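Source file: data24.pdb (PDB, C-alpha atoms)
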MODEL        1
ATOM      1  CA  MET A   1       8.672 -16.197  35.562
ATOM      2  CA  ILE A   2       6.345 -13.233  35.806
ATOM      3  CA  ARG A   3       7.197  -9.817  37.194
ATOM      4  CA  ARG A   4       6.053  -6.234  37.028
ATOM      5  CA  ALA A   5       7.660  -4.209  34.250
ATOM      6  CA  LEU A   6      10.086  -1.474  35.300
ATOM      7  CA  PRO A   7      11.062   1.759  33.509
ATOM      8  CA  GLY A   8      14.198   0.083  32.217
ATOM      9  CA  ASP A   9      12.027  -2.455  30.369
ATOM     10  CA  VAL A  10      10.237   0.075  28.159
ATOM     11  CA  ALA A  11      12.504  -0.270  25.112
ATOM     12  CA  ALA A  12      12.446  -4.077  25.206
ATOM     13  CA  LEU A  13       8.688  -4.043  25.778
ATOM     14  CA  ASP A  14       8.074  -1.876  22.741
ATOM     15  CA  ALA A  15      10.379  -3.989  20.590
ATOM     16  CA  PHE A  16       8.467  -7.134  21.577
ATOM     17  CA  LEU A  17       5.048  -5.546  21.062
ATOM     18  CA  ALA A  18       6.096  -4.044  17.720
ATOM     19  CA  THR A  19       6.517  -7.576  16.346
ATOM     20  CA  HIS A  20       2.748  -7.964  16.897
ATOM     21  CA  ALA A  21       1.936  -4.375  15.962
ATOM     22  CA  GLU A  22      -1.639  -4.779  14.732
ATOM     23  CA  THR A  23      -2.853  -6.446  17.949
ATOM     24  CA  SER A  24      -0.679  -4.482  20.388
ATOM     25  CA  MET A  25      -1.898  -0.950  19.736
ATOM     26  CA  PHE A  26      -3.609  -0.474  23.102
ATOM     27  CA  LEU A  27      -0.631  -1.709  25.080
ATOM     28  CA  ARG A  28       1.942   0.241  23.074
ATOM     29  CA  SER A  29       0.034   3.520  23.030
ATOM     30  CA  ASN A  30      -0.862   3.334  26.732
ATOM     31  CA  ILE A  31       2.760   2.718  27.695
ATOM     32  CA  ALA A  32       4.011   5.450  25.364
ATOM     33  CA  ALA A  33       1.504   8.012  26.647
ATOM     34  CA  HIS A  34       1.248   7.140  30.345
ATOM     35  CA  GLY A  35       4.262   5.064  31.335
ATOM     36  CA  LEU A  36       3.968   1.872  33.349
ATOM     37  CA  GLY A  37       0.967   2.539  35.539
ATOM     38  CA  ASP A  38       2.241   5.202  37.912
ATOM     39  CA  SER A  39       0.172   8.141  36.624
ATOM     40  CA  GLY A  40      -3.400   8.900  37.633
ATOM     41  CA  HIS A  41      -4.763   8.724  34.080
ATOM     42  CA  ARG A  42      -7.555   6.204  33.533
ATOM     43  CA  LEU A  43      -5.506   4.520  30.783
ATOM     44  CA  ALA A  44      -2.317   4.304  32.838
ATOM     45  CA  THR A  45      -1.398   0.634  32.549
ATOM     46  CA  THR A  46       0.335  -1.586  35.066
ATOM     47  CA  VAL A  47       2.315  -4.049  32.963
ATOM     48  CA  HIS A  48       3.601  -7.524  33.819
ATOM     49  CA  ILE A  49       6.122  -9.496  31.786
ATOM     50  CA  TRP A  50       6.462 -13.263  31.461
ATOM     51  CA  SER A  51      10.006 -14.071  30.398
ATOM     52  CA  GLU A  52      11.933 -17.217  29.637
ATOM     53  CA  ARG A  53      15.748 -17.308  29.566
ATOM     54  CA  GLY A  54      15.843 -13.532  29.684
ATOM     55  CA  ALA A  55      13.535 -13.022  26.691
ATOM     56  CA  ILE A  56      10.020 -11.567  26.862
ATOM     57  CA  ARG A  57       7.435 -14.188  25.930
ATOM     58  CA  ALA A  58       4.226 -12.493  27.068
ATOM     59  CA  VAL A  59       2.985  -9.084  28.172
ATOM     60  CA  PHE A  60      -0.114  -8.420  30.260
ATOM     61  CA  GLY A  61      -1.513  -5.033  31.234
ATOM     62  CA  ARG A  62      -4.332  -3.636  33.374
ATOM     63  CA  THR A  63      -5.429  -0.008  33.141
ATOM     64  CA  ARG A  64      -6.574   1.984  36.138
ATOM     65  CA  ARG A  65     -10.185   1.652  34.971
ATOM     66  CA  GLY A  66      -9.889  -2.150  34.815
ATOM     67  CA  ASP A  67      -9.247  -2.916  31.141
ATOM     68  CA  VAL A  68      -7.032  -6.001  30.856
ATOM     69  CA  ILE A  69      -5.000  -6.487  27.666
ATOM     70  CA  CYS A  70      -2.632  -9.264  26.647
ATOM     71  CA  GLN A  71      -0.041 -10.069  24.000
ATOM     72  CA  ALA A  72       1.114 -13.602  24.666
ATOM     73  CA  GLN A  73       1.459 -15.575  21.448
ATOM     74  CA  GLY A  74       2.915 -18.991  22.191
ATOM     75  CA  ALA A  75       3.124 -18.416  25.952
ATOM     76  CA  PRO A  76       2.486 -21.451  28.191
ATOM     77  CA  ALA A  77      -0.725 -21.826  30.182
ATOM     78  CA  GLU A  78       1.180 -21.156  33.386
ATOM     79  CA  ALA A  79       1.844 -17.586  32.217
ATOM     80  CA  PHE A  80      -1.890 -16.840  32.032
ATOM     81  CA  HIS A  81      -2.530 -18.451  35.428
ATOM     82  CA  ALA A  82       0.356 -16.565  37.002
ATOM     83  CA  TYR A  83      -1.024 -13.256  35.775
ATOM     84  CA  ALA A  84      -4.546 -14.183  36.885
ATOM     85  CA  GLU A  85      -3.237 -14.748  40.412
ATOM     86  CA  ILE A  86      -1.531 -11.339  40.415
ATOM     87  CA  ILE A  87      -4.666  -9.390  39.469
ATOM     88  CA  ALA A  88      -7.093 -11.626  41.377
ATOM     89  CA  PRO A  89      -7.934  -8.927  43.983
ATOM     90  CA  LEU A  90      -8.554  -6.227  41.342
ATOM     91  CA  PRO A  91     -11.790  -5.574  39.425
ATOM     92  CA  VAL A  92     -11.805  -6.253  35.699
ATOM     93  CA  THR A  93     -14.153  -4.422  33.311
ATOM     94  CA  VAL A  94     -12.944  -5.424  29.823
ATOM     95  CA  ILE A  95     -10.586  -8.096  28.493
ATOM     96  CA  SER A  96      -9.115  -7.684  25.016
ATOM     97  CA  GLY A  97      -6.400  -9.046  22.784
ATOM     98  CA  PRO A  98      -5.767 -11.751  20.191
ATOM     99  CA  PRO A  99      -8.659 -14.250  20.291
ATOM    100  CA  GLU A 100      -6.998 -17.442  21.527
ATOM    101  CA  GLN A 101      -4.856 -15.584  24.046
ATOM    102  CA  THR A 102      -7.793 -13.723  25.571
ATOM    103  CA  ALA A 103      -9.770 -16.959  25.736
ATOM    104  CA  ALA A 104      -6.916 -18.494  27.726
ATOM    105  CA  LEU A 105      -6.800 -15.482  30.035
ATOM    106  CA  ILE A 106     -10.575 -15.510  30.607
ATOM    107  CA  SER A 107     -10.322 -19.180  31.523
ATOM    108  CA  ALA A 108      -7.422 -18.508  33.905
ATOM    109  CA  LEU A 109      -9.444 -15.733  35.554
ATOM    110  CA  GLY A 110     -12.305 -18.178  36.122
ATOM    111  CA  LEU A 111     -14.907 -16.021  34.387
ATOM    112  CA  GLY A 112     -17.773 -17.887  32.739
ATOM    113  CA  ASP A 113     -19.846 -16.849  29.745
ATOM    114  CA  ALA A 114     -22.629 -15.463  31.942
ATOM    115  CA  ALA A 115     -20.258 -12.826  33.344
ATOM    116  CA  PHE A 116     -20.039 -11.009  30.003
ATOM    117  CA  ARG A 117     -22.379  -8.560  28.326
ATOM    118  CA  LEU A 118     -20.308  -8.883  25.159
ATOM    119  CA  ASN A 119     -17.670 -11.431  24.203
ATOM    120  CA  GLN A 120     -16.908 -11.561  20.515
ATOM    121  CA  VAL A 121     -14.066 -11.757  18.040
ATOM    122  CA  GLU A 122     -14.165  -8.801  15.684
ATOM    123  CA  PRO A 123     -12.507  -8.912  12.250
ATOM    124  CA  LEU A 124      -9.194  -7.044  12.255
ATOM    125  CA  TYR A 125      -8.325  -4.913   9.220
ATOM    126  CA  ARG A 126      -5.163  -3.153   8.080
ATOM    127  CA  LEU A 127      -4.499  -0.441   5.485
ATOM    128  CA  ASP A 128      -1.328   1.078   4.040
ATOM    129  CA  LEU A 129      -2.355   4.738   3.793
ATOM    130  CA  ALA A 130      -0.360   5.146   0.575
ATOM    131  CA  ARG A 131      -3.290   3.348  -1.071
ATOM    132  CA  LEU A 132      -5.849   5.976  -0.034
ATOM    133  CA  PRO A 133      -7.428   8.019  -2.843
ATOM    134  CA  ASP A 134      -7.925  11.771  -2.572
ATOM    135  CA  CYS A 135     -10.733  13.095  -0.380
ATOM    136  CA  THR A 136     -12.763  16.303  -0.518
ATOM    137  CA  ASP A 137     -15.018  15.776   2.522
ATOM    138  CA  VAL A 138     -14.922  18.293   5.355
ATOM    139  CA  ILE A 139     -14.159  17.182   8.909
ATOM    140  CA  ARG A 140     -13.412  19.065  12.115
ATOM    141  CA  PRO A 141     -12.688  18.307  15.783
ATOM    142  CA  PRO A 142     -15.626  18.704  18.176
ATOM    143  CA  GLY A 143     -16.001  21.711  20.444
ATOM    144  CA  PRO A 144     -17.963  22.367  23.633
ATOM    145  CA  GLN A 145     -21.041  23.148  21.522
ATOM    146  CA  ASP A 146     -21.036  19.504  20.370
ATOM    147  CA  ALA A 147     -21.044  17.953  23.856
ATOM    148  CA  SER A 148     -24.750  17.107  23.980
ATOM    149  CA  LEU A 149     -24.759  15.673  20.462
ATOM    150  CA  LEU A 150     -21.677  13.548  21.177
ATOM    151  CA  ALA A 151     -23.180  12.253  24.422
ATOM    152  CA  ASP A 152     -26.245  11.040  22.520
ATOM    153  CA  TRP A 153     -24.083   9.469  19.833
ATOM    154  CA  PHE A 154     -21.824   7.675  22.322
ATOM    155  CA  PHE A 155     -24.864   6.336  24.169
ATOM    156  CA  ASP A 156     -26.394   4.993  20.951
ATOM    157  CA  TYR A 157     -23.017   3.610  19.860
ATOM    158  CA  GLY A 158     -22.608   1.651  23.101
ATOM    159  CA  VAL A 159     -26.112   0.217  22.830
ATOM    160  CA  ASP A 160     -25.637  -0.661  19.153
ATOM    161  CA  ILE A 161     -22.505  -2.717  19.785
ATOM    162  CA  LYS A 162     -23.916  -4.196  23.028
ATOM    163  CA  ALA A 163     -21.052  -2.759  25.064
ATOM    164  CA  THR A 164     -23.420  -0.923  27.444
ATOM    165  CA  ALA A 165     -26.944  -1.265  28.749
ATOM    166  CA  ALA A 166     -29.565   1.337  27.853
ATOM    167  CA  ASP A 167     -29.705   2.857  31.321
ATOM    168  CA  GLU A 168     -28.845   6.052  33.182
ATOM    169  CA  PRO A 169     -25.303   4.934  34.169
ATOM    170  CA  ALA A 170     -24.619   4.379  30.464
ATOM    171  CA  ARG A 171     -25.928   7.862  29.662
ATOM    172  CA  GLN A 172     -23.667   9.374  32.302
ATOM    173  CA  ALA A 173     -20.695   7.419  30.935
ATOM    174  CA  ALA A 174     -21.551   8.720  27.453
ATOM    175  CA  ARG A 175     -21.565  12.305  28.728
ATOM    176  CA  GLU A 176     -18.184  11.778  30.367
ATOM    177  CA  ARG A 177     -16.779  10.212  27.213
ATOM    178  CA  ALA A 178     -18.034  13.151  25.150
ATOM    179  CA  ASP A 179     -16.274  15.632  27.447
ATOM    180  CA  TYR A 180     -13.102  13.535  27.366
ATOM    181  CA  CYS A 181     -13.068  13.301  23.565
ATOM    182  CA  ILE A 182     -13.541  17.046  23.161
ATOM    183  CA  THR A 183     -10.387  17.655  25.181
ATOM    184  CA  LYS A 184      -8.448  14.637  23.800
ATOM    185  CA  GLY A 185      -8.445  16.103  20.332
ATOM    186  CA  SER A 186      -8.353  13.051  18.053
ATOM    187  CA  LEU A 187     -12.079  12.658  17.311
ATOM    188  CA  ARG A 188     -13.363  14.068  14.022
ATOM    189  CA  LEU A 189     -16.857  15.011  12.858
ATOM    190  CA  LEU A 190     -17.949  14.737   9.244
ATOM    191  CA  ILE A 191     -19.702  17.969   8.243
ATOM    192  CA  ASP A 192     -22.467  17.907   5.645
ATOM    193  CA  GLN A 193     -24.440  21.066   4.845
ATOM    194  CA  GLY A 194     -23.043  22.700   7.952
ATOM    195  CA  ARG A 195     -23.951  20.000  10.481
ATOM    196  CA  PRO A 196     -22.197  16.945  11.953
ATOM    197  CA  VAL A 197     -23.459  13.717  10.394
ATOM    198  CA  ALA A 198     -20.881  11.102  11.493
ATOM    199  CA  MET A 199     -17.817  10.675  13.691
ATOM    200  CA  SER A 200     -14.634   8.668  13.918
ATOM    201  CA  ASP A 201     -11.736   8.613  16.348
ATOM    202  CA  PHE A 202      -8.319   7.126  16.953
ATOM    203  CA  ASN A 203      -8.397   4.718  19.884
ATOM    204  CA  ALA A 204      -4.624   4.421  19.843
ATOM    205  CA  GLU A 205      -1.619   5.926  18.117
ATOM    206  CA  VAL A 206       2.028   4.951  18.294
ATOM    207  CA  ALA A 207       4.957   5.654  15.973
ATOM    208  CA  ASP A 208       3.447   5.828  12.472
ATOM    209  CA  LEU A 209       0.395   3.634  13.198
ATOM    210  CA  VAL A 210      -3.134   4.546  14.244
ATOM    211  CA  GLN A 211      -6.029   2.401  15.369
ATOM    212  CA  LEU A 212      -9.463   3.658  14.383
ATOM    213  CA  GLY A 213     -12.463   3.332  16.662
ATOM    214  CA  GLY A 214     -15.713   4.968  17.623
ATOM    215  CA  VAL A 215     -16.938   5.184  14.031
ATOM    216  CA  PHE A 216     -20.610   6.112  14.260
ATOM    217  CA  VAL A 217     -23.415   7.367  12.045
ATOM    218  CA  PRO A 218     -26.808   8.228  13.596
ATOM    219  CA  ARG A 219     -29.484   5.689  12.680
ATOM    220  CA  ALA A 220     -31.501   8.164  10.599
ATOM    221  CA  LEU A 221     -28.454   9.016   8.474
ATOM    222  CA  ARG A 222     -27.146   5.545   7.698
ATOM    223  CA  ASN A 223     -26.819   3.785   4.334
ATOM    224  CA  ALA A 224     -25.288   6.823   2.618
ATOM    225  CA  ALA A 225     -21.555   5.972   2.996
ATOM    226  CA  ARG A 226     -21.064   8.548   5.769
ATOM    227  CA  GLY A 227     -19.107   6.132   7.958
ATOM    228  CA  ARG A 228     -16.691   5.373   5.144
ATOM    229  CA  ARG A 229     -16.383   9.064   4.297
ATOM    230  CA  VAL A 230     -15.483  10.217   7.810
ATOM    231  CA  VAL A 231     -12.887   7.446   8.136
ATOM    232  CA  HIS A 232     -11.428   8.316   4.736
ATOM    233  CA  ALA A 233     -11.133  12.001   5.594
ATOM    234  CA  GLN A 234      -9.589  11.400   8.993
ATOM    235  CA  LEU A 235      -7.035   8.991   7.575
ATOM    236  CA  ARG A 236      -6.003  11.455   4.888
ATOM    237  CA  GLU A 237      -5.535  14.075   7.599
ATOM    238  CA  ALA A 238      -3.389  11.612   9.569
ATOM    239  CA  GLN A 239      -1.379  10.724   6.479
ATOM    240  CA  ASP A 240      -0.525  14.382   6.012
ATOM    241  CA  ARG A 241       1.196  14.385   9.399
ATOM    242  CA  GLY A 242       3.204  11.205   8.805
ATOM    243  CA  ILE A 243       0.950   8.274   9.711
ATOM    244  CA  ARG A 244       1.586   5.373   7.345
ATOM    245  CA  THR A 245      -0.616   2.498   8.562
ATOM    246  CA  ALA A 246      -4.111   2.150  10.048
ATOM    247  CA  VAL A 247      -5.807  -0.784  11.746
ATOM    248  CA  LEU A 248      -9.378  -1.199  12.951
ATOM    249  CA  PHE A 249     -11.987  -3.702  14.078
ATOM    250  CA  ALA A 250     -15.245  -4.125  12.134
ATOM    251  CA  ASN A 251     -18.174  -4.928  14.423
ATOM    252  CA  ASN A 252     -20.727  -5.677  11.685
ATOM    253  CA  PRO A 253     -20.769  -6.791   8.024
ATOM    254  CA  ALA A 254     -21.878  -3.378   6.712
ATOM    255  CA  ALA A 255     -18.906  -1.699   8.407
ATOM    256  CA  ALA A 256     -16.575  -4.353   7.041
ATOM    257  CA  ARG A 257     -17.789  -3.706   3.487
ATOM    258  CA  ALA A 258     -17.272   0.038   3.932
ATOM    259  CA  TYR A 259     -13.712  -0.443   5.149
ATOM    260  CA  GLU A 260     -12.924  -2.890   2.360
ATOM    261  CA  ALA A 261     -14.119  -0.260  -0.122
ATOM    262  CA  LEU A 262     -11.366   2.013   1.205
ATOM    263  CA  GLY A 263      -8.747  -0.696   0.690
ATOM    264  CA  PHE A 264      -8.578  -2.236   4.175
ATOM    265  CA  GLU A 265      -7.527  -5.896   4.162
ATOM    266  CA  HIS A 266      -8.781  -8.518   6.615
ATOM    267  CA  ILE A 267      -5.727  -9.829   8.503
ATOM    268  CA  GLY A 268      -7.190 -11.667  11.512
ATOM    269  CA  GLY A 269      -9.333 -11.064  14.564
ATOM    270  CA  TYR A 270      -9.360  -9.316  17.928
ATOM    271  CA  ARG A 271     -11.475 -10.287  20.924
ATOM    272  CA  VAL A 272     -13.360  -7.701  22.960
ATOM    273  CA  ALA A 273     -15.021  -9.081  26.094
ATOM    274  CA  VAL A 274     -17.043  -6.640  28.233
ATOM    275  CA  LEU A 275     -18.179  -7.771  31.670
ATOM    276  CA  ARG A 276     -21.729  -7.020  32.834
ATOM    277  CA  VAL A 277     -20.313  -5.487  36.002
ATOM    278  CA  PRO A 278     -16.687  -5.168  37.167
ATOM    279  CA  GLN A 279     -15.574  -8.483  38.654
ATOM    280  CA  THR A 280     -12.550  -9.932  40.371
ATOM    281  CA  ALA A 281     -10.978 -13.196  39.265
ATOM    282  CA  ARG A 282     -12.187 -16.550  40.510
ATOM    283  CA  THR A 283      -8.850 -18.281  40.361
ATOM    284  CA  HIS A 284      -9.721 -20.783  43.077
ATOM    285  CA  ALA A 285     -13.331 -21.412  42.051
TER
ENDMDL
END
When written as structure tokens, how does the structure in this file appear?
Amino acid sequence: MIRRALPGDVAALDAFLATHAETSMFLRSNIAAHGLGDSGHRLATTVHIWSERGAIRAVFGRTRRGDVICQAQGAPAEAFHAYAEIIAPLPVTVISGPPEQTAALISALGLGDAAFRLNQVEPLYRLDLARLPDCTDVIRPPGPQDASLLADWFFDYGVDIKATAADEPARQAARERADYCITKGSLRLLIDQGRPVAMSDFNAEVADLVQLGGVFVPRALRNAARGRRVVHAQLREAQDRGIRTAVLFANNPAAARAYEALGFEHIGGYRVAVLRVPQTARTHA
């Protein structure tokens, strides 16, 4: 059966998701930070549970902005179809999760290949931070003076990974993301000769795990290990405050090589599927 998660389910939810920790970071961190969908935050996540004989078998979540996330290893096809029926009236912007599970959910939602701007499985990497060497690079959080620079970087980042179109709505979204990241506090800038030359961020954090994302080096400054350096420095900073493990997705071979040079190990994949425009399910198509 499928039902909406209630506050009393939070402990059991986290215990289930923790058994799939590397691919559950978005779900776990959203629930930890924003509860079960009742806040007004854009990442507040309405969660549904598929259970069998009283045990959780699958977890599905949809954020207020339309990101749909799943953790449903071994769940039957009926679980995906049941969830698709529940969210059928609601727009979906992104679908993410373990590759085979997200493929099953996309099929249940009735969304064909043409609906997506991006639909790819990215290599998933993991690192025990105890393996990190020392680091002398300088990083800092961004301030209001960095807003314009960050907006340009986020726009170029979205175009580079094919997550956004190169249009004015994408530029506005990049400006909004820059403002959000300045206040969020987890983004770091690599400083070289007094100026920012690269950035990295934590997309999610829960317990003693972080998930890296938003690693970007401007095109004119690439091929000088700046992406690896900013990640290295931010992870050492996180280690100093008790973080023990990091995971990330590599969206190109050059990034993968940089992460492997830091000691990250390839442990699987994670699908990110971005729709061209927000769409509702076509469960009866």
(message) For a test of reading the model, state the distance in Å between CA of Trp50 in chain A and CA of His81 in chain A, rounded to one decimal.
(response) 11.1 Å
(request) For each of A:Ala256, A:Ala5, A:Val68, A:Leu132, take the minimum atom-to-atom distance to Glu237 in chain A, counting all atoms listed in the file, then give the residue where this is smallest. (result)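 Comparing A:Ala256, A:Ala5, A:Val68, A:Leu132 against Glu237 in chain A, the winner is A:Leu132.
Comparing A:Leu129, A:Val94, A:Ala207, A:Ile139 by their smallest distance to Ser29 in chain A, the closest is A:Ala207 (using only C-alpha atoms).
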Selection near Ala174 in chain A, 9 Å with all atoms listed in the file, sequence-local residues under 6 positions removed, as a PDB file with C-alpha atoms, in the coordinates of the input:
ATOM      1  CA  LEU A 150     -21.677  13.548  21.177  1.00  0.00           C
ATOM      2  CA  ALA A 151     -23.180  12.253  24.422  1.00  0.00           C
ATOM      3  CA  ASP A 152     -26.245  11.040  22.520  1.00  0.00           C
ATOM      4  CA  TRP A 153     -24.083   9.469  19.833  1.00  0.00           C
ATOM      5  CA  PHE A 154     -21.824   7.675  22.322  1.00  0.00           C
ATOM      6  CA  PHE A 155     -24.864   6.336  24.169  1.00  0.00           C
ATOM      7  CA  ASP A 156     -26.394   4.993  20.951  1.00  0.00           C
ATOM      8  CA  GLY A 158     -22.608   1.651  23.101  1.00  0.00           C
TER       9      GLY A 158
END
(request) List, as a VMD selection string, every residue that the PyMOL selection byres ((chain A and resi 108) around 8) selects in the file provided. (result) chain A and resid 80 to 81 84 104 to 107 109 to 111 283
Enumerate, in order of chain and increasing residue number, the residues of range 60-176 of chain A with an atom no farther than 6 Å from range 257-280 of chain A, each with its shortest atom pair and distance in Å to one decimal, counting all atoms listed in the file, as CSV.
residue,atom,partner,partner_atom,distance
A:Ala88,CA,A:Thr280,CA,5.8
A:Pro89,CA,A:Thr280,CA,5.9
A:Leu90,CA,A:Thr280,CA,5.5
A:Pro91,CA,A:Thr280,CA,4.5
A:Val92,CA,A:Pro278,CA,5.2
A:Thr93,CA,A:Pro278,CA,4.7
A:Val94,CA,A:Val274,CA,4.6
A:Ile95,CA,A:Ala273,CA,5.1
A:Ser96,CA,A:Val272,CA,4.7
A:Gly97,CA,A:Arg271,CA,5.5
A:Pro98,CA,A:Tyr270,CA,4.9
A:Pro99,CA,A:Arg271,CA,4.9
A:Ala115,CA,A:Leu275,CA,5.7
A:Phe116,CA,A:Leu275,CA,4.1
A:Arg117,CA,A:Arg276,CA,4.8
A:Leu118,CA,A:Val274,CA,5.0
A:Asn119,CA,A:Ala273,CA,4.0
A:Gln120,CA,A:Arg271,CA,5.6
A:Val121,CA,A:Arg271,CA,4.1
A:Glu122,CA,A:Tyr270,CA,5.3
A:Pro123,CA,A:Gly269,CA,4.5
A:Leu124,CA,A:Gly269,CA,4.6
A:Tyr125,CA,A:His266,CA,4.5
A:Arg126,CA,A:Phe264,CA,5.3
A:Leu127,CA,A:Phe264,CA,4.6
(request) Give the answer as one residue: which of A:Gly61, A:Gly40, A:Gly112, A:Gly74 has the shortest atom-to-atom distance to Phe26 in chain A, using only C-alpha atoms? (result)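 Closest to Phe26 in chain A of all the choices is A:Gly61.
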Enclose all atoms of range 64-76 of chain A listed in the file in an axis-aligned box, grow every side by 6 Å, and hand back centre and edge lengths in Å to one decimal, as lines of an AutoDock Vina configuration file.
center_x = -3.5
center_y = -9.7
center_z = 28.8
size_x = 25.3
size_y = 35.4
size_z = 26.7
Spatial neighbours of Gly194 in chain A, max dist 12 Å, only C-alpha atoms, sep filter under 5 positions, as a compact mmCIF listing (two decimals) with C-alpha atoms, in the frame of the given file:
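Result saved to selection_17.txt:
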# COMPACT_ATOMS: atom_id res chain seq x y z
CA ASP A 137 -15.02 15.78 2.52
CA VAL A 138 -14.92 18.29 5.36
CA ILE A 139 -14.16 17.18 8.91
CA ARG A 140 -13.41 19.07 12.12
CA LEU A 189 -16.86 15.01 12.86
(message) One number please: CA of Gln172 in chain A to CA of Lys184 in chain A, in Å, one decimal.
(response)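 CA of Lys184 in chain A lies 18.2 Å from CA of Gln172 in chain A.
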(request) Quick one: pull the distance between CA of Ala75 in chain A and CA of Arg57 in chain A, Å, one decimal. (result)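 According to the coordinates, CA of Ala75 in chain A and CA of Arg57 in chain A are separated by 6.0 Å.
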(request) Could you check which of A:Ala204, A:Leu27, A:Cys135, A:Ala32 is closest to Gln71 in chain A, using all atoms listed in the file? (result)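 Distance minimum relative to Gln71 in chain A lands on A:Leu27.
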(request) Just the residues within 7 Å of range 227-232 of chain A, please, counting only C-alpha atoms, with nothing from its chain fewer than 6 positions along; format it as a count of residues only. (result) 9
(request) Can you work out which one of A:Asp38, A:Glu205, A:Asp179, A:Asp67 has the shortest atom-to-atom distance to Pro144 in chain A, counting all atoms listed in the file? (result)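 So, comparing all the options, the nearest one is A:Asp179.
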(request) Tell me which of A:Tyr180, A:Tyr157, A:Phe16, A:Phe60 sits closest to His48 in chain A, counting only C-alpha atoms. (result)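 Result for the nearest residue to His48 in chain A: A:Phe60.
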(message) Please expand the PyMOL selection byres ((chain A and resi 64) around 6) into the concrete residues it hits in this file, giving the result as a VMD selection string.
(response) chain A and resid 42 44 63 65 to 66
Residues selected by the PyMOL selection byres ((chain A and resi 243) around 10), written as a CSV table (one decimal) with C-alpha atoms, keeping the file's coordinate frame:
chain,number,residue,atom,x,y,z
A,128,ASP,CA,-1.3,1.1,4.0
A,129,LEU,CA,-2.4,4.7,3.8
A,130,ALA,CA,-0.4,5.1,0.6
A,205,GLU,CA,-1.6,5.9,18.1
A,206,VAL,CA,2.0,5.0,18.3
A,207,ALA,CA,5.0,5.7,16.0
A,208,ASP,CA,3.4,5.8,12.5
A,209,LEU,CA,0.4,3.6,13.2
A,210,VAL,CA,-3.1,4.5,14.2
A,235,LEU,CA,-7.0,9.0,7.6
A,236,ARG,CA,-6.0,11.5,4.9
A,237,GLU,CA,-5.5,14.1,7.6
A,238,ALA,CA,-3.4,11.6,9.6
A,239,GLN,CA,-1.4,10.7,6.5
A,240,ASP,CA,-0.5,14.4,6.0
A,241,ARG,CA,1.2,14.4,9.4
A,242,GLY,CA,3.2,11.2,8.8
A,244,ARG,CA,1.6,5.4,7.3
A,245,THR,CA,-0.6,2.5,8.6
A,246,ALA,CA,-4.1,2.2,10.0
(request) Identify the residues within 12 Å of coordinate (10.1, -2.2, 26.5) (same frame as the file), considering only C-alpha atoms, and give the answer as a ChimeraX atom specification. (result) /A:4-18,27-28,31-32,35-36,47-49,55-56,58-59
Dump N, CA, C and O atoms of range 159-168 of chain A from the given block, as an mmCIF file, in the first residue's frame.
data_model
loop_
_atom_site.group_PDB
_atom_site.id
_atom_site.type_symbol
_atom_site.label_atom_id
_atom_site.label_comp_id
_atom_site.auth_asym_id
_atom_site.auth_seq_id
_atom_site.Cartn_x
_atom_site.Cartn_y
_atom_site.Cartn_z
ATOM 1 N N VAL A 159 24.106 25.686 -18.725
ATOM 2 C CA VAL A 159 24.237 25.440 -20.169
ATOM 3 C C VAL A 159 25.238 24.318 -20.421
ATOM 4 O O VAL A 159 25.005 23.437 -21.259
ATOM 5 N N ASP A 160 26.343 24.322 -19.690
ATOM 6 C CA ASP A 160 27.375 23.298 -19.888
ATOM 7 C C ASP A 160 26.842 21.889 -19.665
ATOM 8 O O ASP A 160 27.183 20.967 -20.416
ATOM 9 N N ILE A 161 26.028 21.712 -18.633
ATOM 10 C CA ILE A 161 25.540 20.363 -18.322
ATOM 11 C C ILE A 161 24.193 20.061 -18.971
ATOM 12 O O ILE A 161 23.576 19.032 -18.712
ATOM 13 N N LYS A 162 23.726 21.011 -19.821
ATOM 14 C CA LYS A 162 22.475 20.850 -20.573
ATOM 15 C C LYS A 162 21.239 20.785 -19.673
ATOM 16 O O LYS A 162 20.211 20.228 -20.052
ATOM 17 N N ALA A 163 21.355 21.357 -18.481
ATOM 18 C CA ALA A 163 20.213 21.378 -17.570
ATOM 19 C C ALA A 163 19.281 22.551 -17.857
ATOM 20 O O ALA A 163 18.123 22.535 -17.457
ATOM 21 N N THR A 164 19.785 23.595 -18.535
ATOM 22 C CA THR A 164 18.977 24.762 -18.863
ATOM 23 C C THR A 164 19.257 25.184 -20.294
ATOM 24 O O THR A 164 20.306 24.874 -20.874
ATOM 25 N N ALA A 165 18.309 25.928 -20.850
ATOM 26 C CA ALA A 165 18.514 26.531 -22.164
ATOM 27 C C ALA A 165 19.244 27.862 -21.983
ATOM 28 O O ALA A 165 19.224 28.459 -20.910
ATOM 29 N N ALA A 166 19.887 28.320 -23.046
ATOM 30 C CA ALA A 166 20.605 29.595 -22.990
ATOM 31 C C ALA A 166 19.649 30.732 -23.325
ATOM 32 O O ALA A 166 19.708 31.337 -24.390
ATOM 33 N N ASP A 167 18.743 31.018 -22.381
ATOM 34 C CA ASP A 167 17.736 32.044 -22.637
ATOM 35 C C ASP A 167 17.569 32.932 -21.410
ATOM 36 O O ASP A 167 18.186 32.698 -20.363
ATOM 37 N N GLU A 168 16.715 33.943 -21.522
ATOM 38 C CA GLU A 168 16.537 34.891 -20.431
ATOM 39 C C GLU A 168 15.942 34.245 -19.183
ATOM 40 O O GLU A 168 16.374 34.562 -18.065
#
